[in-house]
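Source file: coords-v2.pdb; contents: PDB, C-alpha atoms.
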ATOM      1  CA  MET A   1     -30.874 105.172 198.771
ATOM      2  CA  ASN A   2     -33.690 103.901 196.522
ATOM      3  CA  ARG A   3     -36.850 102.023 197.484
ATOM      4  CA  CYS A   4     -35.316  98.645 196.673
ATOM      5  CA  GLU A   5     -32.214  99.140 198.803
ATOM      6  CA  SER A   6     -34.109 100.594 201.760
ATOM      7  CA  SER A   7     -36.368  97.535 201.934
ATOM      8  CA  ALA A   8     -33.514  95.018 201.821
ATOM      9  CA  GLN A   9     -33.950  93.892 205.429
ATOM     10  CA  TRP A  10     -37.680  93.320 204.850
ATOM     11  CA  GLY A  11     -37.407  91.868 201.356
ATOM     12  CA  SER A  12     -38.926  93.171 198.171
ATOM     13  CA  HIS A  13     -42.535  94.276 197.999
ATOM     14  CA  TYR A  14     -43.228  90.947 196.301
ATOM     15  CA  GLU A  15     -41.685  89.040 199.213
ATOM     16  CA  ILE A  16     -43.651  91.109 201.730
ATOM     17  CA  LEU A  17     -46.885  90.062 199.990
ATOM     18  CA  SER A  18     -45.617  86.485 199.403
ATOM     19  CA  VAL A  19     -46.111  86.615 195.630
ATOM     20  CA  LYS A  20     -43.824  86.051 192.661
ATOM     21  CA  GLU A  21     -42.525  88.975 190.659
ATOM     22  CA  GLY A  22     -44.597  87.977 187.642
ATOM     23  CA  ALA A  23     -47.796  87.774 189.698
ATOM     24  CA  SER A  24     -51.076  88.998 188.267
ATOM     25  CA  TYR A  25     -53.055  91.816 189.867
ATOM     26  CA  GLU A  26     -55.429  89.247 191.405
ATOM     27  CA  GLU A  27     -52.516  87.271 192.911
ATOM     28  CA  ILE A  28     -51.044  90.474 194.341
ATOM     29  CA  ARG A  29     -54.435  91.469 195.764
ATOM     30  CA  SER A  30     -54.845  88.045 197.346
ATOM     31  CA  GLY A  31     -51.320  88.228 198.815
ATOM     32  CA  TYR A  32     -52.062  91.691 200.163
ATOM     33  CA  ARG A  33     -55.293  90.594 201.815
ATOM     34  CA  SER A  34     -53.569  87.691 203.514
ATOM     35  CA  ALA A  35     -50.571  89.784 204.614
ATOM     36  CA  ILE A  36     -52.690  92.670 205.886
ATOM     37  CA  LEU A  37     -54.842  90.334 207.972
ATOM     38  CA  ASN A  38     -51.749  88.699 209.479
ATOM     39  CA  SER A  39     -49.992  91.989 210.207
ATOM     40  CA  HIS A  40     -52.903  94.148 211.363
ATOM     41  CA  PRO A  41     -52.032  95.876 214.670
ATOM     42  CA  ASP A  42     -55.221  94.631 216.356
ATOM     43  CA  ARG A  43     -54.262  91.062 215.557
ATOM     44  CA  SER A  44     -50.627  91.667 216.527
ATOM     45  CA  GLN A  45     -51.664  92.779 220.019
ATOM     46  CA  GLN A  46     -52.835  89.222 220.618
ATOM     47  CA  ASN A  47     -49.334  87.997 219.810
ATOM     48  CA  THR A  48     -47.192  89.288 222.680
ATOM     49  CA  SER A  49     -43.897  88.210 221.064
ATOM     50  CA  ASP A  50     -44.074  91.126 218.584
ATOM     51  CA  SER A  51     -43.300  94.576 219.922
ATOM     52  CA  SER A  52     -45.860  97.227 219.102
ATOM     53  CA  ALA A  53     -43.390  99.196 216.989
ATOM     54  CA  ALA A  54     -42.340  96.113 215.008
ATOM     55  CA  ALA A  55     -45.966  95.166 214.410
ATOM     56  CA  ASP A  56     -46.790  98.677 213.223
ATOM     57  CA  GLU A  57     -43.741  98.670 210.948
ATOM     58  CA  LYS A  58     -44.748  95.336 209.430
ATOM     59  CA  PHE A  59     -48.287  96.597 208.816
ATOM     60  CA  LEU A  60     -46.967  99.761 207.142
ATOM     61  CA  ARG A  61     -44.609  97.700 204.944
ATOM     62  CA  VAL A  62     -47.548  95.599 203.745
ATOM     63  CA  GLN A  63     -49.551  98.772 203.030
ATOM     64  CA  ARG A  64     -46.641 100.308 201.088
ATOM     65  CA  ALA A  65     -46.090  97.120 199.079
ATOM     66  CA  TRP A  66     -49.767  97.123 198.079
ATOM     67  CA  GLU A  67     -49.692 100.816 197.131
ATOM     68  CA  VAL A  68     -46.728 100.252 194.823
ATOM     69  CA  LEU A  69     -47.711  96.918 193.291
ATOM     70  CA  SER A  70     -51.422  97.616 192.811
ATOM     71  CA  ASP A  71     -50.754 100.530 190.450
ATOM     72  CA  SER A  72     -49.327  99.504 187.061
ATOM     73  CA  ARG A  73     -47.164 102.640 186.671
ATOM     74  CA  SER A  74     -45.640 102.531 190.138
ATOM     75  CA  ARG A  75     -45.144  98.757 189.776
ATOM     76  CA  ALA A  76     -43.261  99.239 186.487
ATOM     77  CA  ALA A  77     -41.032 101.892 188.084
ATOM     78  CA  TYR A  78     -40.445  99.656 191.117
ATOM     79  CA  ASP A  79     -39.596  96.674 188.874
ATOM     80  CA  ASN A  80     -37.034  98.818 187.028
ATOM     81  CA  GLU A  81     -35.469  99.872 190.342
ATOM     82  CA  LEU A  82     -35.448  96.267 191.544
ATOM     83  CA  ARG A  83     -33.649  95.091 188.377
ATOM     84  CA  ALA A  84     -31.108  97.922 188.677
ATOM     85  CA  SER A  85     -30.520  97.064 192.332
ATOM     86  CA  ARG A  86     -29.936  93.420 191.417
ATOM     87  CA  ARG A  87     -27.481  94.397 188.679
ATOM     88  CA  ARG A  88     -25.509  96.370 191.268
ATOM     89  CA  GLN A  89     -25.594  93.360 193.612
ATOM     90  CA  ASP A  90     -24.644  90.948 190.836
ATOM     91  CA  SER A  91     -21.517  92.943 190.060
ATOM     92  CA  SER A  92     -20.252  92.381 193.601
ATOM     93  CA  VAL A  93     -20.497  88.578 193.858
ATOM     94  CA  SER A  94     -17.333  86.582 194.446
ATOM     95  CA  GLY A  95     -18.465  83.510 192.520
ATOM     96  CA  ASP A  96     -21.212  81.495 190.919
ATOM     97  CA  ILE A  97     -22.463  78.194 192.337
ATOM     98  CA  ASP A  98     -25.270  75.757 191.637
ATOM     99  CA  LEU A  99     -27.044  72.989 193.507
ATOM    100  CA  MET A 100     -24.215  70.526 192.789
ATOM    101  CA  ASP A 101     -21.770  72.757 194.732
ATOM    102  CA  VAL A 102     -23.619  73.109 198.031
ATOM    103  CA  GLY A 103     -23.953  71.002 201.146
ATOM    104  CA  VAL A 104     -27.454  70.022 202.230
ATOM    105  CA  THR A 105     -28.777  69.800 205.785
ATOM    106  CA  VAL A 106     -32.338  68.824 206.653
ATOM    107  CA  VAL A 107     -33.795  70.112 209.901
ATOM    108  CA  GLU A 108     -35.861  67.077 210.842
ATOM    109  CA  GLU A 109     -38.292  68.850 213.183
ATOM    110  CA  SER A 110     -39.413  71.377 210.576
ATOM    111  CA  GLY A 111     -38.448  69.647 207.336
ATOM    112  CA  VAL A 112     -36.578  72.784 206.251
ATOM    113  CA  VAL A 113     -33.678  72.127 203.884
ATOM    114  CA  GLU A 114     -30.591  74.307 204.365
ATOM    115  CA  LEU A 115     -28.074  74.819 201.564
ATOM    116  CA  CYS A 116     -24.547  75.743 202.656
ATOM    117  CA  TYR A 117     -21.419  76.609 200.664
ATOM    118  CA  ASP A 118     -18.067  77.120 202.418
ATOM    119  CA  CYS A 119     -16.624  80.626 202.368
ATOM    120  CA  ARG A 120     -12.903  81.309 202.348
ATOM    121  CA  CYS A 121     -13.266  83.088 205.722
ATOM    122  CA  GLY A 122     -14.221  79.782 207.374
ATOM    123  CA  ASP A 123     -17.951  80.436 207.723
ATOM    124  CA  CYS A 124     -20.467  79.644 204.993
ATOM    125  CA  PHE A 125     -22.971  81.087 202.568
ATOM    126  CA  SER A 126     -26.339  79.644 203.509
ATOM    127  CA  VAL A 127     -29.970  79.850 202.526
ATOM    128  CA  ASP A 128     -32.845  77.596 203.501
ATOM    129  CA  SER A 129     -35.876  76.290 201.658
ATOM    130  CA  SER A 130     -38.265  78.644 203.464
ATOM    131  CA  ASP A 131     -36.210  81.698 202.391
ATOM    132  CA  LEU A 132     -36.078  80.391 198.827
ATOM    133  CA  GLU A 133     -39.817  79.791 198.802
ATOM    134  CA  ARG A 134     -40.445  83.388 199.914
ATOM    135  CA  MET A 135     -38.353  84.407 196.898
ATOM    136  CA  GLY A 136     -40.536  82.264 194.639
ATOM    137  CA  TYR A 137     -38.329  79.160 194.332
ATOM    138  CA  LYS A 138     -39.573  75.865 195.714
ATOM    139  CA  LEU A 139     -36.801  73.529 196.860
ATOM    140  CA  SER A 140     -38.117  69.982 197.111
ATOM    141  CA  ARG A 141     -36.601  66.793 198.446
ATOM    142  CA  ASP A 142     -37.230  63.113 198.816
ATOM    143  CA  ARG A 143     -35.162  60.518 200.678
ATOM    144  CA  ASP A 144     -32.217  60.746 198.280
ATOM    145  CA  ASN A 145     -32.465  63.928 196.189
ATOM    146  CA  VAL A 146     -33.038  67.676 196.271
ATOM    147  CA  TRP A 147     -34.224  69.819 193.349
ATOM    148  CA  PHE A 148     -35.790  73.133 192.438
ATOM    149  CA  GLU A 149     -39.366  72.544 191.409
ATOM    150  CA  ASP A 150     -40.832  74.012 188.243
ATOM    151  CA  ASP A 151     -44.245  75.403 189.095
ATOM    152  CA  GLY A 152     -45.302  75.458 185.445
ATOM    153  CA  ASP A 153     -45.639  79.250 185.380
ATOM    154  CA  ASP A 154     -42.787  79.817 182.924
ATOM    155  CA  ALA A 155     -44.184  83.169 181.771
ATOM    156  CA  SER A 156     -43.303  84.838 185.066
ATOM    157  CA  ARG A 157     -39.958  83.133 185.631
ATOM    158  CA  PRO A 158     -36.806  84.549 184.039
ATOM    159  CA  ALA A 159     -34.906  82.113 181.804
ATOM    160  CA  ALA A 160     -31.742  82.277 183.922
ATOM    161  CA  ALA A 161     -32.781  82.653 187.542
ATOM    162  CA  SER A 162     -30.411  83.082 190.467
ATOM    163  CA  VAL A 163     -30.253  84.372 194.017
ATOM    164  CA  VAL A 164     -27.389  86.147 195.751
ATOM    165  CA  ILE A 165     -26.377  84.670 199.115
ATOM    166  CA  SER A 166     -24.251  86.494 201.696
ATOM    167  CA  CYS A 167     -21.670  84.891 203.962
ATOM    168  CA  GLY A 168     -22.675  84.732 207.610
ATOM    169  CA  SER A 169     -19.430  86.391 208.764
ATOM    170  CA  CYS A 170     -17.785  88.439 206.035
ATOM    171  CA  SER A 171     -18.859  90.687 203.175
ATOM    172  CA  LEU A 172     -18.479  88.099 200.405
ATOM    173  CA  ARG A 173     -21.472  86.945 198.381
ATOM    174  CA  VAL A 174     -22.085  84.207 195.819
ATOM    175  CA  ARG A 175     -24.739  83.744 193.162
ATOM    176  CA  LEU A 176     -26.714  80.476 193.373
ATOM    177  CA  SER A 177     -28.089  79.473 189.958
ATOM    178  CA  ILE A 178     -31.617  78.087 189.995
ATOM    179  CA  GLU A 179     -32.136  75.253 187.516
ATOM    180  CA  THR A 180     -35.539  73.637 187.862
ATOM    181  CA  GLY A 181     -36.086  69.917 187.581
ATOM    182  CA  LEU A 182     -32.452  68.830 187.986
ATOM    183  CA  LYS A 183     -32.405  66.260 190.799
ATOM    184  CA  VAL A 184     -29.168  66.163 192.753
ATOM    185  CA  PRO A 185     -28.530  63.147 195.000
ATOM    186  CA  PHE A 186     -27.564  63.926 198.608
ATOM    187  CA  GLY A 187     -24.498  61.703 198.149
ATOM    188  CA  SER A 188     -22.991  63.889 195.419
ATOM    189  CA  ILE A 189     -23.491  67.135 197.298
TER     190      ILE A 189
END
In structure tokens, how does this file's structure come out?
Amino acid sequence: MNRCESSAQWGSHYEILSVKEGASYEEIRSGYRSAILNSHPDRSQQNTSDSSAAADEKFLRVQRAWEVLSDSRSRAAYDNELRASRRRQDSSVSGDIDLMDVGVTVVEESGVVELCYDCRCGDCFSVDSSDLERMGYKLSRDRDNVWFEDDGDDASRPAAASVVISCGSCSLRVRLSIETGLKVPFGSI
């Protein structure tokens, strides 16, 4: 098992530090500082909802992400592993979808937007705007439309971006294409 696969439940090192994959050293350092402050065991003891072991694990994950991403050689090796891991994942998707194909639900209390696509098993493939944002994709909405926002940092964004979404009940997965700027009305979803 490689570093990318072993961290799947926690997300990539970039997700752990809440930065995009094309982030500069300064952005990574800033993300690290924020994450390390939020996950430090002394601070976690104040929050009784986290178990001590989980808090320690989170802190160690942040430390490891910084160690890998702060060094240009280890970051390059990690990026290569991450791309290879994604290629393996991409070969096992059951279909490709885009924003026009999914259902949209807005959780009014939090404002989170959930995207859902029916699976043949009867459950659905789902991802919400907070998960997408952690991956570096901002899903925006107004009263009538949803769209992926272009943050203007085209240098760090791949030309054809996508995320793989797993079904909640079975082993099937689909690839959601990310096309920025295309507004999709709620009515046509």
| Distance in Å - CA of Cys116 (chain A) versus CA of Val104 (chain A) |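 Separating CA of Cys116 (chain A) from CA of Val104 (chain A) is a distance of 6.4 Å.
By chain and then residue number, the residues within 9 Å of Cys170 (chain A) are Cys119, Cys121, Asp123, Ser166, Cys167 and Arg173 of chain A, counting all atoms listed in the file and disregarding those fewer than 3 positions away in sequence.
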| request: Could you jot down the CA of Thr180 (chain A) to CA of Glu133 (chain A) separation for me, Å, one decimal place? | output: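 According to the coordinates, CA of Thr180 (chain A) and CA of Glu133 (chain A) are separated by 13.3 Å.
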| query | Which residue out of A:Leu176, A:Val112, A:Val107, A:Met100 has the minimum interatomic distance to Leu139 (chain A) when only C-alpha atoms are used? | reply |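 Nearest to Leu139 (chain A): A:Val112.
Counting from CA of Tyr117 (chain A), the distance to CA of Asp142 (chain A) is 20.9 Å.
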| said: Can you pull out the residues contacting Arg29 (chain A)? Cut-off 12 Å, using only C-alpha atoms, and skip same-chain residues under 2 positions away; I want them as an NGL selection string. | reply: :A and (14 or 17-19 or 23-27 or 31-36 or 62-63 or 65-71)
| task | Step by step, work through what the PyMOL selection byres ((chain A and resi 78-81) around 10) selects in the shown file, and finish by giving those residues as a VMD selection string. | result | chain A and resid 2 to 5 12 to 13 21 68 to 69 72 to 77 82 to 87
| said: Using only C-alpha atoms for the distances, tell me which of A:Ile16, A:Leu115, A:Ser171, A:Gly22 is nearest to Leu99 (chain A). | reply: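 So, comparing all the options, the nearest one is A:Leu115.
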| said: Excluding Asp96 (chain A) and its own-chain neighbours fewer than 3 positions away, which residues fall within 8 Å of it when counting all atoms listed in the file? Please give them as a list in words. | reply: Val93, Val174, Arg175, Leu176 and Ser177 of chain A
Next, dump the selected residues to file, keeping only C-alpha atoms, as a PDB file, keeping the file's coordinate frame.
ATOM      1  CA  VAL A  93     -20.497  88.578 193.858  1.00  0.00           C
ATOM      2  CA  VAL A 174     -22.085  84.207 195.819  1.00  0.00           C
ATOM      3  CA  ARG A 175     -24.739  83.744 193.162  1.00  0.00           C
ATOM      4  CA  LEU A 176     -26.714  80.476 193.373  1.00  0.00           C
ATOM      5  CA  SER A 177     -28.089  79.473 189.958  1.00  0.00           C
TER       6      SER A 177
END
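Non-sequential neighbours of Glu114 (chain A) (distance at most 12 Å, separation of 2 or more positions within a chain, all atoms listed in the file) are Leu99, Val102, Gly103, Val104, Thr105, Val106, Val107, Glu108, Ser110, Gly111, Val112, Cys116, Tyr117, Cys124, Phe125, Ser126, Val127, Asp128, Ser129, Ser130, Asp131, Leu132, Leu139, Ser140, Arg141 and Val146 of chain A.
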| Closest of A:Leu172, A:Val184, A:Ile28, A:Val164 to Arg143 (chain A) - atom-to-atom distances counting only C-alpha atoms |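 Of A:Leu172, A:Val184, A:Ile28, A:Val164, the one nearest Arg143 (chain A), counting only C-alpha atoms, is A:Val184.
Residue nearest Asn145 (chain A), chosen from A:Ser162, A:Asp42, A:Lys183, A:Gly168 and counting only C-alpha atoms: A:Lys183.
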If the box runs along x, y and z of the file and leaves 8 Å on each side of region 55-58 of chain A, what are its centre and edge lengths in Å, one decimal, as JSON?
{"center_x": -45.3, "center_y": 96.9, "center_z": 211.9, "size_x": 19.0, "size_y": 19.5, "size_z": 21.0}
My structure is short of atoms at region 92-103 of chain A; please model N, CA and C atoms there, returning them as a CSV table (one decimal), keeping the file's coordinate frame.
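The resulting file, result.csv, is shown below:
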chain,number,residue,atom,x,y,z
A,92,SER,N,-21.1,92.5,192.4
A,92,SER,CA,-20.3,92.4,193.6
A,92,SER,C,-20.2,91.0,194.2
A,93,VAL,N,-20.6,90.0,193.4
A,93,VAL,CA,-20.5,88.6,193.9
A,93,VAL,C,-19.1,88.0,193.6
A,94,SER,N,-18.7,87.1,194.5
A,94,SER,CA,-17.3,86.6,194.4
A,94,SER,C,-17.3,85.3,193.7
A,95,GLY,N,-18.4,84.7,193.3
A,95,GLY,CA,-18.5,83.5,192.5
A,95,GLY,C,-19.9,83.1,192.2
A,96,ASP,N,-19.9,82.1,191.3
A,96,ASP,CA,-21.2,81.5,190.9
A,96,ASP,C,-21.2,80.0,191.3
A,97,ILE,N,-22.3,79.6,191.9
A,97,ILE,CA,-22.5,78.2,192.3
A,97,ILE,C,-23.8,77.7,191.9
A,98,ASP,N,-24.0,76.3,191.9
A,98,ASP,CA,-25.3,75.8,191.6
A,98,ASP,C,-25.5,74.7,192.7
A,99,LEU,N,-26.6,74.0,192.5
A,99,LEU,CA,-27.0,73.0,193.5
A,99,LEU,C,-26.0,71.9,193.7
A,100,MET,N,-25.2,71.6,192.7
A,100,MET,CA,-24.2,70.5,192.8
A,100,MET,C,-23.1,70.9,193.7
A,101,ASP,N,-22.9,72.2,193.9
A,101,ASP,CA,-21.8,72.8,194.7
A,101,ASP,C,-22.0,72.9,196.2
A,102,VAL,N,-23.3,72.8,196.6
A,102,VAL,CA,-23.6,73.1,198.0
A,102,VAL,C,-23.8,71.9,198.9
A,103,GLY,N,-23.6,72.0,200.2
A,103,GLY,CA,-24.0,71.0,201.1
A,103,GLY,C,-25.4,71.1,201.5
